$ cat coords-v3.cif   # mmCIF, C-alpha atoms
data_upload
loop_
_atom_site.label_atom_id
_atom_site.label_comp_id
_atom_site.auth_asym_id
_atom_site.auth_seq_id
_atom_site.Cartn_x
_atom_site.Cartn_y
_atom_site.Cartn_z
CA MET A 841 132.94 114.15 85.21
CA LEU A 842 132.36 113.92 88.96
CA ARG A 843 128.79 112.81 88.29
CA TYR A 844 129.97 109.89 86.11
CA VAL A 845 132.54 108.84 88.71
CA LEU A 846 129.84 108.94 91.39
CA LEU A 847 127.50 106.96 89.15
CA LEU A 848 130.20 104.34 88.52
CA ILE A 849 130.90 104.01 92.25
CA ILE A 850 127.22 103.59 93.02
CA MET A 851 126.71 101.08 90.22
CA THR A 852 129.63 98.92 91.27
CA THR A 853 128.67 98.70 94.94
CA SER A 854 126.75 95.62 96.00
CA VAL A 855 123.02 95.89 95.64
CA GLN A 856 120.07 93.89 96.84
CA ALA A 857 117.53 93.30 94.15
CA HIS A 858 114.14 91.78 93.48
CA GLU A 859 113.02 91.17 89.94
CA MET A 860 110.12 89.45 88.24
CA VAL A 861 109.36 88.51 84.64
CA PRO A 862 107.48 88.66 82.36
CA THR A 863 106.24 92.25 82.37
CA TYR A 864 103.16 91.24 80.42
CA PRO A 865 102.20 87.61 81.18
CA LYS A 866 99.63 85.81 79.05
CA LEU A 867 96.88 83.55 80.34
CA GLU A 868 96.45 80.28 78.48
CA SER A 869 94.24 77.24 78.85
CA SER A 870 95.59 74.73 81.32
CA TYR A 871 95.41 70.95 81.22
CA MET A 872 92.59 71.18 83.78
CA GLU A 873 89.14 72.09 82.58
CA GLY A 874 87.87 75.49 83.65
CA LEU A 875 91.28 76.87 84.58
CA GLN A 876 93.66 79.28 82.92
CA LYS A 877 97.34 79.24 83.73
CA THR A 878 100.37 81.46 83.54
CA ASN A 879 103.93 81.42 84.82
CA ILE A 880 105.95 84.09 86.54
CA THR A 881 109.62 83.96 87.43
CA ILE A 882 111.18 85.69 90.42
CA PHE A 883 114.87 86.31 90.97
CA ASN A 884 115.98 87.08 94.53
CA LYS A 885 119.14 89.08 95.05
CA ARG A 886 118.12 90.32 98.48
CA PRO A 887 120.07 88.34 101.08
CA GLU A 888 117.77 89.48 103.90
CA VAL A 889 114.64 88.23 102.08
CA GLU A 890 113.82 84.52 101.95
CA TYR A 891 110.15 84.51 101.07
CA TYR A 892 107.95 86.17 98.48
CA GLU A 893 104.16 86.40 98.37
CA ILE A 894 102.12 86.21 95.17
CA GLY A 895 98.87 88.08 94.62
CA VAL A 896 96.45 88.38 91.70
CA PHE A 897 94.33 91.52 91.38
CA THR A 898 91.72 93.25 89.23
CA LYS A 899 92.36 96.64 87.68
CA ASP A 900 90.89 98.17 90.86
CA TRP A 901 93.27 96.12 93.02
CA GLU A 902 90.63 93.75 94.34
CA PRO A 903 92.16 90.34 95.07
CA ILE A 904 91.24 87.45 92.78
CA PRO A 905 91.40 83.84 93.99
CA PHE A 906 94.06 81.73 92.37
CA VAL A 907 95.77 78.42 92.97
CA SER A 908 99.48 77.83 93.17
CA THR A 909 101.73 75.49 95.07
CA TYR A 910 102.08 78.12 97.77
CA ARG A 911 100.95 81.71 98.18
CA VAL A 912 104.10 82.50 100.13
CA PHE A 913 107.09 80.52 98.93
CA PRO A 914 110.83 80.49 99.48
CA VAL A 915 113.20 82.02 96.94
CA PRO A 916 116.74 81.43 98.19
CA TYR A 917 119.28 84.21 97.78
CA LEU A 918 120.65 84.43 94.21
CA SER A 919 118.19 81.89 92.90
CA THR A 920 115.34 81.97 90.43
CA VAL A 921 111.97 80.39 91.05
CA THR A 922 109.22 79.94 88.47
CA VAL A 923 105.69 79.75 89.81
CA GLU A 924 102.70 78.34 87.96
CA LEU A 925 99.43 80.10 88.71
CA PHE A 926 95.96 78.78 87.94
CA ILE A 927 93.00 81.13 87.62
CA ARG A 928 89.37 80.25 87.02
CA ASP A 929 88.04 80.78 83.49
CA LYS A 930 85.34 83.08 84.86
CA ASP A 931 88.02 85.38 86.33
CA LYS A 932 90.08 85.49 83.14
CA GLU A 933 88.75 88.85 82.01
CA ARG A 934 89.12 90.40 85.46
CA VAL A 935 92.77 89.53 86.02
CA THR A 936 94.94 92.61 85.52
CA TYR A 937 97.88 92.53 87.91
CA ILE A 938 100.02 89.66 89.16
CA CYS A 939 102.34 90.81 91.92
CA SER A 940 105.19 89.45 93.99
CA LYS A 941 106.03 91.04 97.32
CA SER A 942 109.04 90.53 99.55
CA LYS A 943 108.28 89.24 103.04
CA LEU A 944 110.45 90.83 105.68
CA ARG A 945 111.54 89.20 108.88
CA LYS A 946 111.20 91.04 112.17
CA SER A 947 114.21 93.25 112.64
CA TYR A 948 116.09 93.97 115.81
CA GLU A 949 117.66 97.17 114.56
CA THR A 950 116.32 100.71 114.69
CA ARG A 951 115.89 101.40 111.01
CA PRO A 952 113.46 101.57 108.13
CA ALA A 953 113.32 98.34 106.11
CA VAL A 954 112.49 98.28 102.41
CA SER A 955 109.62 96.15 101.17
CA SER A 956 109.63 95.58 97.41
CA ARG A 957 106.68 94.69 95.26
CA ILE A 958 106.66 94.14 91.48
CA CYS A 959 103.46 93.80 89.50
CA SER A 960 103.11 92.44 85.98
CA LYS A 961 100.09 93.32 83.90
CA VAL A 962 97.87 91.04 81.87
CA LYS A 963 97.05 93.13 78.85
CA ARG A 964 93.76 92.98 77.05
CA ARG A 965 93.36 93.17 73.30
CA GLY A 966 93.75 96.80 72.24
CA GLU A 967 95.73 97.89 75.32
CA MET B 1469 157.32 42.14 65.09
CA SER B 1470 158.65 44.94 67.22
CA ASN B 1471 158.81 47.14 64.11
CA ILE B 1472 155.11 46.54 63.48
CA LYS B 1473 154.32 47.43 67.11
CA THR B 1474 156.36 50.62 66.85
CA CYS B 1475 154.56 51.57 63.64
CA LEU B 1476 151.15 50.95 65.19
CA VAL B 1477 151.98 53.09 68.24
CA ALA B 1478 153.32 55.87 66.03
CA LEU B 1479 150.23 55.69 63.82
CA SER B 1480 147.88 55.87 66.84
CA ILE B 1481 149.68 58.89 68.25
CA THR B 1482 149.59 60.63 64.87
CA THR B 1483 145.90 59.85 64.48
CA MET B 1484 145.08 61.15 67.96
CA ALA B 1485 147.10 64.29 67.40
CA THR B 1486 145.52 64.89 64.01
CA THR B 1487 142.02 64.25 65.30
CA GLY B 1488 142.61 66.55 68.28
CA SER B 1489 143.94 69.42 66.28
CA GLY B 1490 141.43 69.03 63.47
CA GLN B 1491 138.26 69.17 65.60
CA SER B 1492 136.68 72.31 66.73
CA ASN B 1493 133.56 72.63 68.84
CA ASP B 1494 131.35 75.67 68.69
CA THR B 1495 129.53 75.90 71.98
CA PRO B 1496 126.66 78.31 71.74
CA ILE B 1497 125.65 80.33 74.76
CA ASN B 1498 122.03 81.23 74.46
CA GLY B 1499 120.12 83.85 76.36
CA THR B 1500 116.90 85.77 76.19
CA VAL B 1501 116.50 89.25 77.52
CA GLN B 1502 113.03 89.96 78.81
CA SER B 1503 111.86 93.42 79.67
CA ARG B 1504 111.68 93.88 83.39
CA CYS B 1505 111.68 96.12 86.40
CA VAL B 1506 114.28 95.53 89.09
CA ILE B 1507 113.95 97.02 92.57
CA GLN B 1508 117.24 97.31 94.40
CA THR B 1509 117.88 98.41 97.95
CA ASP B 1510 121.07 100.44 97.87
CA THR B 1511 120.72 101.70 101.46
CA PRO B 1512 118.01 100.39 103.79
CA GLY B 1513 118.44 103.48 105.96
CA THR B 1514 118.89 104.02 109.68
CA TYR B 1515 117.16 106.19 112.24
CA GLY B 1516 119.11 108.73 114.20
CA ASN B 1517 117.79 109.97 117.53
CA PRO B 1518 118.58 113.70 117.55
CA ASN B 1519 116.45 114.30 120.61
CA ALA B 1520 114.41 112.19 123.00
CA TYR B 1521 111.10 112.49 121.14
CA GLU B 1522 112.29 112.19 117.52
CA LEU B 1523 113.62 109.49 115.22
CA SER B 1524 114.89 110.74 111.90
CA THR B 1525 116.72 109.35 108.90
CA LYS B 1526 118.22 112.76 108.10
CA ALA B 1527 122.01 112.83 108.01
CA THR B 1528 121.93 115.89 110.26
CA ALA B 1529 120.11 113.78 112.84
CA GLY B 1530 122.66 110.99 112.64
CA GLY B 1531 120.58 108.75 110.39
CA ASP B 1532 120.67 107.59 106.78
CA ASN B 1533 117.89 108.00 104.26
CA ALA B 1534 116.73 104.85 102.49
CA ILE B 1535 117.99 104.74 98.90
CA ILE B 1536 116.15 102.56 96.41
CA ARG B 1537 117.29 102.02 92.85
CA VAL B 1538 114.81 101.02 90.17
CA ASP B 1539 116.00 99.71 86.79
CA VAL B 1540 113.65 99.37 83.86
CA THR B 1541 114.58 97.85 80.52
CA LEU B 1542 111.47 98.85 78.61
CA ALA B 1543 110.53 102.50 78.18
CA ASN B 1544 107.12 103.77 79.25
CA SER B 1545 106.05 100.41 80.69
CA TYR B 1546 106.22 100.90 84.44
CA TYR B 1547 105.39 103.36 87.15
CA VAL B 1548 106.87 103.33 90.60
CA ASN B 1549 105.15 104.03 93.92
CA ILE B 1550 107.38 104.70 96.88
CA THR B 1551 105.67 104.99 100.23
CA ALA B 1552 107.42 106.41 103.27
CA PRO B 1553 106.59 104.75 106.61
CA SER B 1554 103.50 105.79 108.54
CA GLU B 1555 103.80 103.31 111.41
CA PHE B 1556 106.36 101.15 113.14
CA SER B 1557 106.33 97.50 112.12
CA SER B 1558 107.97 96.73 115.45
CA SER B 1559 108.63 98.92 118.46
CA PRO B 1560 108.34 98.94 122.23
CA THR B 1561 104.97 99.96 123.69
CA LEU B 1562 104.63 103.70 123.14
CA PRO B 1563 103.12 106.14 125.66
CA ASP B 1564 101.64 108.46 123.03
CA THR B 1565 100.76 108.71 119.34
CA VAL B 1566 103.44 109.16 116.71
CA THR B 1567 103.34 111.84 114.03
CA TRP B 1568 104.99 110.79 110.80
CA THR B 1569 106.50 112.90 108.07
CA GLY B 1570 108.22 111.50 105.04
CA ASP B 1571 109.18 112.39 101.54
CA THR B 1572 110.72 110.73 98.51
CA THR B 1573 112.86 112.52 95.96
CA VAL B 1574 114.88 111.50 92.93
CA LYS B 1575 118.52 111.34 93.97
CA THR B 1576 120.38 110.21 90.84
CA LEU B 1577 119.45 109.46 87.25
CA SER B 1578 121.27 107.35 84.68
CA ASP B 1579 119.91 109.55 81.89
CA ALA B 1580 119.91 113.13 83.10
CA THR B 1581 118.28 114.42 79.93
CA GLY B 1582 115.50 111.88 79.39
CA MET B 1583 114.62 111.52 83.06
CA SER B 1584 114.97 115.13 84.14
CA ALA B 1585 111.21 115.59 84.53
CA TYR B 1586 110.71 112.62 86.86
CA GLU B 1587 110.82 114.72 90.02
CA THR B 1588 108.69 117.59 88.76
CA ASN B 1589 106.10 115.25 87.22
CA LYS B 1590 105.70 113.01 90.25
CA GLN B 1591 102.30 112.67 91.89
CA GLU B 1592 102.11 112.84 95.68
CA LEU B 1593 99.31 111.16 97.57
CA GLY B 1594 99.87 111.21 101.30
CA MET B 1595 103.09 109.35 102.01
CA THR B 1596 103.16 107.82 98.52
CA ASP B 1597 105.05 109.38 95.62
CA LYS B 1598 104.26 108.05 92.15
CA TYR B 1599 106.78 108.31 89.33
CA ASP B 1600 106.15 107.50 85.69
CA LEU B 1601 109.23 105.76 84.29
CA THR B 1602 109.16 106.88 80.69
CA VAL B 1603 112.77 106.07 79.82
CA THR B 1604 114.88 102.91 80.14
CA GLY B 1605 117.65 103.06 82.70
CA SER B 1606 118.23 103.43 86.42
CA THR B 1607 116.73 105.86 88.89
CA TRP B 1608 117.79 106.25 92.49
CA PHE B 1609 115.09 107.39 94.92
CA GLU B 1610 115.83 108.70 98.39
CA THR B 1611 113.22 108.41 101.13
CA GLU B 1612 113.33 110.44 104.31
CA SER B 1613 111.33 109.45 107.38
CA ILE B 1614 110.76 111.30 110.65
CA ALA B 1615 108.76 109.99 113.61
CA THR B 1616 107.86 112.37 116.42
CA LEU B 1617 106.29 111.15 119.64
CA GLY B 1618 103.35 113.17 120.89
CA GLY B 1619 103.67 115.62 123.76
CA SER B 1620 107.43 115.76 123.24
CA ARG B 1621 107.62 112.58 125.29
CA ALA B 1622 110.73 110.47 125.08
CA PHE B 1623 110.78 107.33 122.91
CA PRO B 1624 111.21 104.35 125.25
CA GLY B 1625 114.44 102.44 124.83
CA GLY B 1626 114.31 99.57 122.32
CA ASN B 1627 114.44 98.82 118.63
CA TYR B 1628 112.21 100.58 116.16
CA THR B 1629 111.55 99.33 112.63
CA SER B 1630 109.38 100.83 109.94
CA VAL B 1631 108.87 99.84 106.31
CA VAL B 1632 109.46 101.83 103.13
CA THR B 1633 107.44 100.23 100.34
CA ALA B 1634 108.74 100.35 96.77
CA GLU B 1635 106.36 99.14 94.09
CA CYS B 1636 107.03 98.77 90.39
CA ILE B 1637 103.79 98.32 88.48
CA ALA B 1638 103.46 97.54 84.79
CA LYS B 1639 101.38 100.04 82.81
#

$ encode --input "coords-v3.cif" --output "structure tokens"
Amino acid sequence: MLRYVLLLIIMTTSVQAHEMVPTYPKLESSYMEGLQKTNITIFNKRPEVEYYEIGVFTKDWEPIPFVSTYRVFPVPYLSTVTVELFIRDKDKERVTYICSKSKLRKSYETRPAVSSRICSKVKRRGE
Amino acid sequence: MSNIKTCLVALSITTMATTGSGQSNDTPINGTVQSRCVIQTDTPGTYGNPNAYELSTKATAGGDNAIIRVDVTLANSYYVNITAPSEFSSSPTLPDTVTWTGDTTVKTLSDATGMSAYETNKQELGMTDKYDLTVTGSTWFETESIATLGGSRAFPGGNYTSVVTAECIAK
């Protein structure tokens, strides 16, 4: 009983969250020749975070070049931002992870800060 | 003439009332639920300074461990890496090297039965602990961090910040 009460208290306290969808994005042909595109959506419920950074990686976590409006872009508190990413056709088969990472401001307190990073996966046929 | 006016007014009121009561609008509220991972910072943590050469998040040292909650809405689709700090992201100039120790453990589970093996099945690589989230629900992770200055020298006065990294990676 005590455990459920504790759980309820923890769940009802204010939290600071970072979330990103979709879990499994799909690459599709864009209106520009030679480029694939996909969209990711980030929701920011972390009041201390104003900016998020996007990265695209291979299965071995090597960075892959991509084009977007910005690599680091603002996501105001309690708002959702959808980002369109363009990736070269030749990199299509190498793209595995698309990640968003919170950018932390310099702190003037003695404490550990929490950096959050969420990665979606582009699945291949058969995975 | 006035009778006709009265009739017209009465008729309009009746029509309005009838129209108002007879209409009903169904307003649909649509929504789509997409599977996702949500990283939440329940407690960012604080360092206590139990002695001159040590900063610690342990409660016994006057600090608070960082508590991170991870929610997943799709079973067996994500793993989580939580990395305890191994350097200060900002600090005064230090007179010696810092030795770091840190550990992450599962603090609370929303499904005690399905998630009971999370802690025993975790993989540890240096400061990083990797958990396979096989069940939907919430998991609270607690990260402890201790920084000890070499030669038992005192930490200079100032603010010290380190970073705990929580990653949720789709499988």

$ atom_distance --input "coords-v3.cif" --atom1 "CA of Pro1560 in chain B" --atom2 "CA of Phe1623 in chain B"
8.8 Å

$ atom_distance --input "coords-v3.cif" --atom1 "CA of Val1632 in chain B" --atom2 "CA of Pro952 in chain A"
6.4 Å

$ interface_residues --input "coords-v3.cif" --of "chain B" --to "chain A" --cutoff "7 Å" --atoms "only C-alpha atoms" --output "PyMOL selection string"
chain B and resi 1502-1510+1512-1515+1627-1639

$ residues_around --input "coords-v3.cif" --residues "Leu925 in chain A" --least-positions-apart "4" --cutoff "6 Å" --atoms "all atoms listed in the file" --output "ChimeraX atom specification"
/A:877-878,907-908

$ resolve_selection --input "coords-v3.cif" --expression "the PyMOL selection byres ((chain A and resi 869) around 10)" --output "list in words"
Leu867, Glu868, Ser870, Tyr871, Met872, Glu873, Gly874, Leu875, Gln876, Lys877, Thr878, Phe926, Ile927, Arg928 and Asp929 of chain A

$ write_last_selection --input "coords-v3.cif" --atoms "C-alpha atoms" --output "PDB file, keeping the file's coordinate frame"
ATOM      1  CA  LEU A 867      96.880  83.550  80.340  1.00  0.00           C
ATOM      2  CA  GLU A 868      96.450  80.280  78.480  1.00  0.00           C
ATOM      3  CA  SER A 870      95.590  74.730  81.320  1.00  0.00           C
ATOM      4  CA  TYR A 871      95.410  70.950  81.220  1.00  0.00           C
ATOM      5  CA  MET A 872      92.590  71.180  83.780  1.00  0.00           C
ATOM      6  CA  GLU A 873      89.140  72.090  82.580  1.00  0.00           C
ATOM      7  CA  GLY A 874      87.870  75.490  83.650  1.00  0.00           C
ATOM      8  CA  LEU A 875      91.280  76.870  84.580  1.00  0.00           C
ATOM      9  CA  GLN A 876      93.660  79.280  82.920  1.00  0.00           C
ATOM     10  CA  LYS A 877      97.340  79.240  83.730  1.00  0.00           C
ATOM     11  CA  THR A 878     100.370  81.460  83.540  1.00  0.00           C
ATOM     12  CA  PHE A 926      95.960  78.780  87.940  1.00  0.00           C
ATOM     13  CA  ILE A 927      93.000  81.130  87.620  1.00  0.00           C
ATOM     14  CA  ARG A 928      89.370  80.250  87.020  1.00  0.00           C
ATOM     15  CA  ASP A 929      88.040  80.780  83.490  1.00  0.00           C
TER      16      ASP A 929
END

$ closest_atom_pairs --input "coords-v3.cif" --of "range 1508-1554 of chain B" --to "range 1604-1610 of chain B" --cutoff "12 Å" --atoms "all atoms listed in the file" --output "JSON lines"
{"residue": "B:Gln1508", "atom": "CA", "partner": "B:Trp1608", "partner_atom": "CA", "distance": 9.2}
{"residue": "B:Thr1509", "atom": "CA", "partner": "B:Trp1608", "partner_atom": "CA", "distance": 9.6}
{"residue": "B:Asp1510", "atom": "CA", "partner": "B:Trp1608", "partner_atom": "CA", "distance": 8.6}
{"residue": "B:Thr1511", "atom": "CA", "partner": "B:Glu1610", "partner_atom": "CA", "distance": 9.1}
{"residue": "B:Pro1512", "atom": "CA", "partner": "B:Glu1610", "partner_atom": "CA", "distance": 10.1}
{"residue": "B:Gly1513", "atom": "CA", "partner": "B:Glu1610", "partner_atom": "CA", "distance": 9.6}
{"residue": "B:Thr1525", "atom": "CA", "partner": "B:Glu1610", "partner_atom": "CA", "distance": 10.6}
{"residue": "B:Lys1526", "atom": "CA", "partner": "B:Glu1610", "partner_atom": "CA", "distance": 10.8}
{"residue": "B:Asp1532", "atom": "CA", "partner": "B:Glu1610", "partner_atom": "CA", "distance": 9.7}
{"residue": "B:Asn1533", "atom": "CA", "partner": "B:Glu1610", "partner_atom": "CA", "distance": 6.3}
{"residue": "B:Ala1534", "atom": "CA", "partner": "B:Glu1610", "partner_atom": "CA", "distance": 5.7}
{"residue": "B:Ile1535", "atom": "CA", "partner": "B:Glu1610", "partner_atom": "CA", "distance": 4.5}
{"residue": "B:Ile1536", "atom": "CA", "partner": "B:Phe1609", "partner_atom": "CA", "distance": 5.2}
{"residue": "B:Arg1537", "atom": "CA", "partner": "B:Trp1608", "partner_atom": "CA", "distance": 4.3}
{"residue": "B:Val1538", "atom": "CA", "partner": "B:Thr1607", "partner_atom": "CA", "distance": 5.4}
{"residue": "B:Asp1539", "atom": "CA", "partner": "B:Ser1606", "partner_atom": "CA", "distance": 4.4}
{"residue": "B:Val1540", "atom": "CA", "partner": "B:Thr1604", "partner_atom": "CA", "distance": 5.3}
{"residue": "B:Thr1541", "atom": "CA", "partner": "B:Thr1604", "partner_atom": "CA", "distance": 5.1}
{"residue": "B:Leu1542", "atom": "CA", "partner": "B:Thr1604", "partner_atom": "CA", "distance": 5.5}
{"residue": "B:Ala1543", "atom": "CA", "partner": "B:Thr1604", "partner_atom": "CA", "distance": 4.8}
{"residue": "B:Asn1544", "atom": "CA", "partner": "B:Thr1604", "partner_atom": "CA", "distance": 7.9}
{"residue": "B:Ser1545", "atom": "CA", "partner": "B:Thr1604", "partner_atom": "CA", "distance": 9.2}
{"residue": "B:Tyr1546", "atom": "CA", "partner": "B:Thr1604", "partner_atom": "CA", "distance": 9.9}
{"residue": "B:Tyr1547", "atom": "CA", "partner": "B:Thr1607", "partner_atom": "CA", "distance": 11.7}
{"residue": "B:Val1548", "atom": "CA", "partner": "B:Phe1609", "partner_atom": "CA", "distance": 10.1}
{"residue": "B:Asn1549", "atom": "CA", "partner": "B:Phe1609", "partner_atom": "CA", "distance": 10.5}
{"residue": "B:Ile1550", "atom": "CA", "partner": "B:Phe1609", "partner_atom": "CA", "distance": 8.4}
{"residue": "B:Thr1551", "atom": "CA", "partner": "B:Glu1610", "partner_atom": "CA", "distance": 11.0}
{"residue": "B:Ala1552", "atom": "CA", "partner": "B:Glu1610", "partner_atom": "CA", "distance": 10.0}

$ write_last_selection --input "coords-v3.cif" --atoms "C-alpha atoms" --output "PDB file, in the frame of the given file"
ATOM      1  CA  GLN B1508     117.240  97.310  94.400  1.00  0.00           C
ATOM      2  CA  THR B1509     117.880  98.410  97.950  1.00  0.00           C
ATOM      3  CA  ASP B1510     121.070 100.440  97.870  1.00  0.00           C
ATOM      4  CA  THR B1511     120.720 101.700 101.460  1.00  0.00           C
ATOM      5  CA  PRO B1512     118.010 100.390 103.790  1.00  0.00           C
ATOM      6  CA  GLY B1513     118.440 103.480 105.960  1.00  0.00           C
ATOM      7  CA  THR B1525     116.720 109.350 108.900  1.00  0.00           C
ATOM      8  CA  LYS B1526     118.220 112.760 108.100  1.00  0.00           C
ATOM      9  CA  ASP B1532     120.670 107.590 106.780  1.00  0.00           C
ATOM     10  CA  ASN B1533     117.890 108.000 104.260  1.00  0.00           C
ATOM     11  CA  ALA B1534     116.730 104.850 102.490  1.00  0.00           C
ATOM     12  CA  ILE B1535     117.990 104.740  98.900  1.00  0.00           C
ATOM     13  CA  ILE B1536     116.150 102.560  96.410  1.00  0.00           C
ATOM     14  CA  ARG B1537     117.290 102.020  92.850  1.00  0.00           C
ATOM     15  CA  VAL B1538     114.810 101.020  90.170  1.00  0.00           C
ATOM     16  CA  ASP B1539     116.000  99.710  86.790  1.00  0.00           C
ATOM     17  CA  VAL B1540     113.650  99.370  83.860  1.00  0.00           C
ATOM     18  CA  THR B1541     114.580  97.850  80.520  1.00  0.00           C
ATOM     19  CA  LEU B1542     111.470  98.850  78.610  1.00  0.00           C
ATOM     20  CA  ALA B1543     110.530 102.500  78.180  1.00  0.00           C
ATOM     21  CA  ASN B1544     107.120 103.770  79.250  1.00  0.00           C
ATOM     22  CA  SER B1545     106.050 100.410  80.690  1.00  0.00           C
ATOM     23  CA  TYR B1546     106.220 100.900  84.440  1.00  0.00           C
ATOM     24  CA  TYR B1547     105.390 103.360  87.150  1.00  0.00           C
ATOM     25  CA  VAL B1548     106.870 103.330  90.600  1.00  0.00           C
ATOM     26  CA  ASN B1549     105.150 104.030  93.920  1.00  0.00           C
ATOM     27  CA  ILE B1550     107.380 104.700  96.880  1.00  0.00           C
ATOM     28  CA  THR B1551     105.670 104.990 100.230  1.00  0.00           C
ATOM     29  CA  ALA B1552     107.420 106.410 103.270  1.00  0.00           C
TER      30      ALA B1552
END

$ resolve_selection --input "coords-v3.cif" --expression "the PyMOL selection byres ((chain B and resi 1579-1591) around 8)" --output "PyMOL selection string"
chain B and resi 1573-1574+1577-1578+1592-1593+1597-1603+1605-1606

$ atom_distance --input "coords-v3.cif" --atom1 "CA of Ser1524 in chain B" --atom2 "CA of Ser1558 in chain B"
16.0 Å
